[in-house]
Amino acid sequence: MTANSAIVSASALAAELAGPRPPVLLDVRWRLGGPNQRPAYDAGHLPGAVYVDLDRELAGPPGAGGRHPLPDTEEFGAAMRRAGVCADVPVVVYDGGQGWAAARAWWLLRWTGHPQVRVLDGGLAAWTAAGGEVTSEAAAPVQGDFKPTPGAMGLLDADGAAALAREGVLLDARAGERYRGEVEPIDPVGGHIPGALSAPTTDNTGPDGLFLPAADLRARFAGLGAAGGAPVGVYCGSGVSGAHEVLALEVAGIGAALYAGSWSEWSADPQRPVATGPDPQ
């Protein structure tokens, strides 16, 4: 998969849906700490799209591994098959427009071996802005055949993230004030992994919610040291917005690993070191 094929525009998706080999559509709308978005899906979604619940189907139960640990592989595969995902049929995922939840689904499918997964750039907001149709009719997918095989994308644990911060480039995708430790609304401790660089996910998109051009993203990440072949990793609060940063890096042509447990796992262990302030160390 080439870098630019990680995302698809609303107009290009409309053409594909009207073509002979339409992709499977997954609606992954989600709000951090907010209500379940199934009612929003029921009120209106892309025709044929199947709703996927991030908290139940794209994450395991919260605990020592973080607030959104990776789901059980077999349970994830069963959820994707229920949604109609097949090994040889392209998949397009979207959310309400922020892109975080869609990126989580993209990353999980890519990590477990699906070769043809893209995120709708700008999500449902971009689709409707382009005049795309929405429907309240629930989809009735045919059972898929996708069988996950983990390992196709880079995955870090806590020790791997700590090592990468010293030996490569570890990007913190959270808001700058959380990185600096000025506020921490969710996790027990504020700050960042020592050596990590602040790289808020929100800086990967423009005011329209669309990803910045690939050249602009490459320049952004090069300024953070993510160029020249250095190994790159990303973490966030619980492995959701970090997946969006991995996606942005993919658009820029840069491969990156995800620390799925992220700060919610790191900060839960009082033995792990914490840095604060604007500097990596």
# chains A, B, ... in the order shown; residues from 1 in each chain; ligands from 1
>>> residues_around(residues="Asp187 in chain A", least_positions_apart="3", cutoff="7 Å", atoms="only C-alpha atoms", output="list in words")
Glu184, Ser264 and Ser267 of chain A
>>> closest_atom_pairs(of="range 88-132 of chain A", to="range 16-27 of chain A", cutoff="10 Å", atoms="only C-alpha atoms", output="CSV")
residue,atom,partner,partner_atom,distance
A:Val89,CA,A:Pro23,CA,6.3
A:Pro90,CA,A:Pro23,CA,4.7
A:Val91,CA,A:Val24,CA,4.7
A:Val92,CA,A:Leu25,CA,5.1
A:Val93,CA,A:Leu26,CA,4.7
A:Tyr94,CA,A:Asp27,CA,5.3
A:Asp95,CA,A:Asp27,CA,5.8
A:Gly96,CA,A:Asp27,CA,8.6
A:Ala101,CA,A:Asp27,CA,9.3
A:Ala102,CA,A:Asp27,CA,7.8
A:Ala105,CA,A:Leu26,CA,8.7
A:Trp106,CA,A:Leu26,CA,10.0
A:Gln116,CA,A:Pro23,CA,9.3
A:Val117,CA,A:Pro23,CA,9.1
A:Arg118,CA,A:Pro23,CA,9.7
A:Val119,CA,A:Leu26,CA,9.6
A:Leu120,CA,A:Leu25,CA,9.7
A:Gly123,CA,A:Asp27,CA,9.2
A:Leu124,CA,A:Asp27,CA,8.9
>>> residues_around(residues="Leu54 in chain A", least_positions_apart="4", cutoff="9 Å", atoms="only C-alpha atoms", output="PyMOL selection string")
chain A and resi 28-30+58-59+68+101+104-105
>>> residues_around(residues="Ala196 in chain A", least_positions_apart="2", cutoff="7 Å", atoms="only C-alpha atoms", output="count of residues only")
9
>>> closest_residue(among="A:Ala260, A:Met80, A:Val234, A:Ala130", to="Leu247 in chain A", atoms="only C-alpha atoms")
A:Val234
>>> atom_distance(atom1="CA of Gln281 in chain A", atom2="CA of Asp216 in chain A")
27.0 Å
>>> select_by_dssp(residues="range 63-230 of chain A", states="helix (DSSP H, G or I)", output="ChimeraX atom specification")
/A:73-82,100-111,123-129,158-167,176-180,201-204,214-223
>>> closest_residue(among="A:Ala103, A:Ala173, A:Ala10, A:Leu108", to="Gly122 in chain A", atoms="only C-alpha atoms")
A:Ala10
>>> residues_around(residues="Ala219 in chain A", least_positions_apart="5", cutoff="12 Å", atoms="only C-alpha atoms", output="list of chain:residue names")
A:Asn204, A:Leu212, A:Pro213, A:Ala214, A:Leu224, A:Gly225, A:Ala226, A:Ala227, A:Ala248, A:Leu249, A:Ala252, A:Gly253, A:Ile254
>>> atom_distance(atom1="CA of Pro148 in chain A", atom2="CA of Val52 in chain A")
16.5 Å
>>> select_by_dssp(residues="range 93-238 of chain A", states="strand (DSSP E or B)", output="count of residues only")
22
>>> closest_residue(among="A:Gly277, A:Gly144, A:Gly151, A:Pro35", to="Trp107 in chain A", atoms="only C-alpha atoms")
A:Gly151
>>> residues_around(residues="Phe76 in chain A", least_positions_apart="5", cutoff="10 Å", atoms="only C-alpha atoms", output="list in words")
Arg56, Glu57, Leu58, Ala59, Gly60, Leu70, Pro71, Arg81, Arg82, Leu108, Leu109, Thr112, Lys147 and Pro148 of chain A
>>> closest_residue(among="A:Gly66, A:Gly168, A:Gly97, A:Gly132", to="Tyr259 in chain A", atoms="only C-alpha atoms")
A:Gly66
>>> closest_residue(among="A:Ala129, A:Ala138, A:Leu32, A:Ala87", to="His114 in chain A", atoms="only C-alpha atoms")
A:Ala87
>>> atom_distance(atom1="CA of Val189 in chain A", atom2="CA of Asp72 in chain A")
27.5 Å
>>> closest_residue(among="A:Gly233, A:Pro278, A:Gly44, A:Pro185", to="Thr135 in chain A", atoms="only C-alpha atoms")
A:Gly44
>>> closest_atom_pairs(of="range 124-184 of chain A", to="range 271-275 of chain A", cutoff="9 Å", atoms="only C-alpha atoms", output="tab-separated table")
residue	atom	partner	partner_atom	distance
A:Tyr179	CA	A:Ala275	CA	8.7
A:Arg180	CA	A:Ala275	CA	8.0
A:Gly181	CA	A:Ala275	CA	8.1
>>> residues_around(residues="Gly261 in chain A", least_positions_apart="4", cutoff="9 Å", atoms="only C-alpha atoms", output="PyMOL selection string")
chain A and resi 64-70+156-158+235-239+265-266
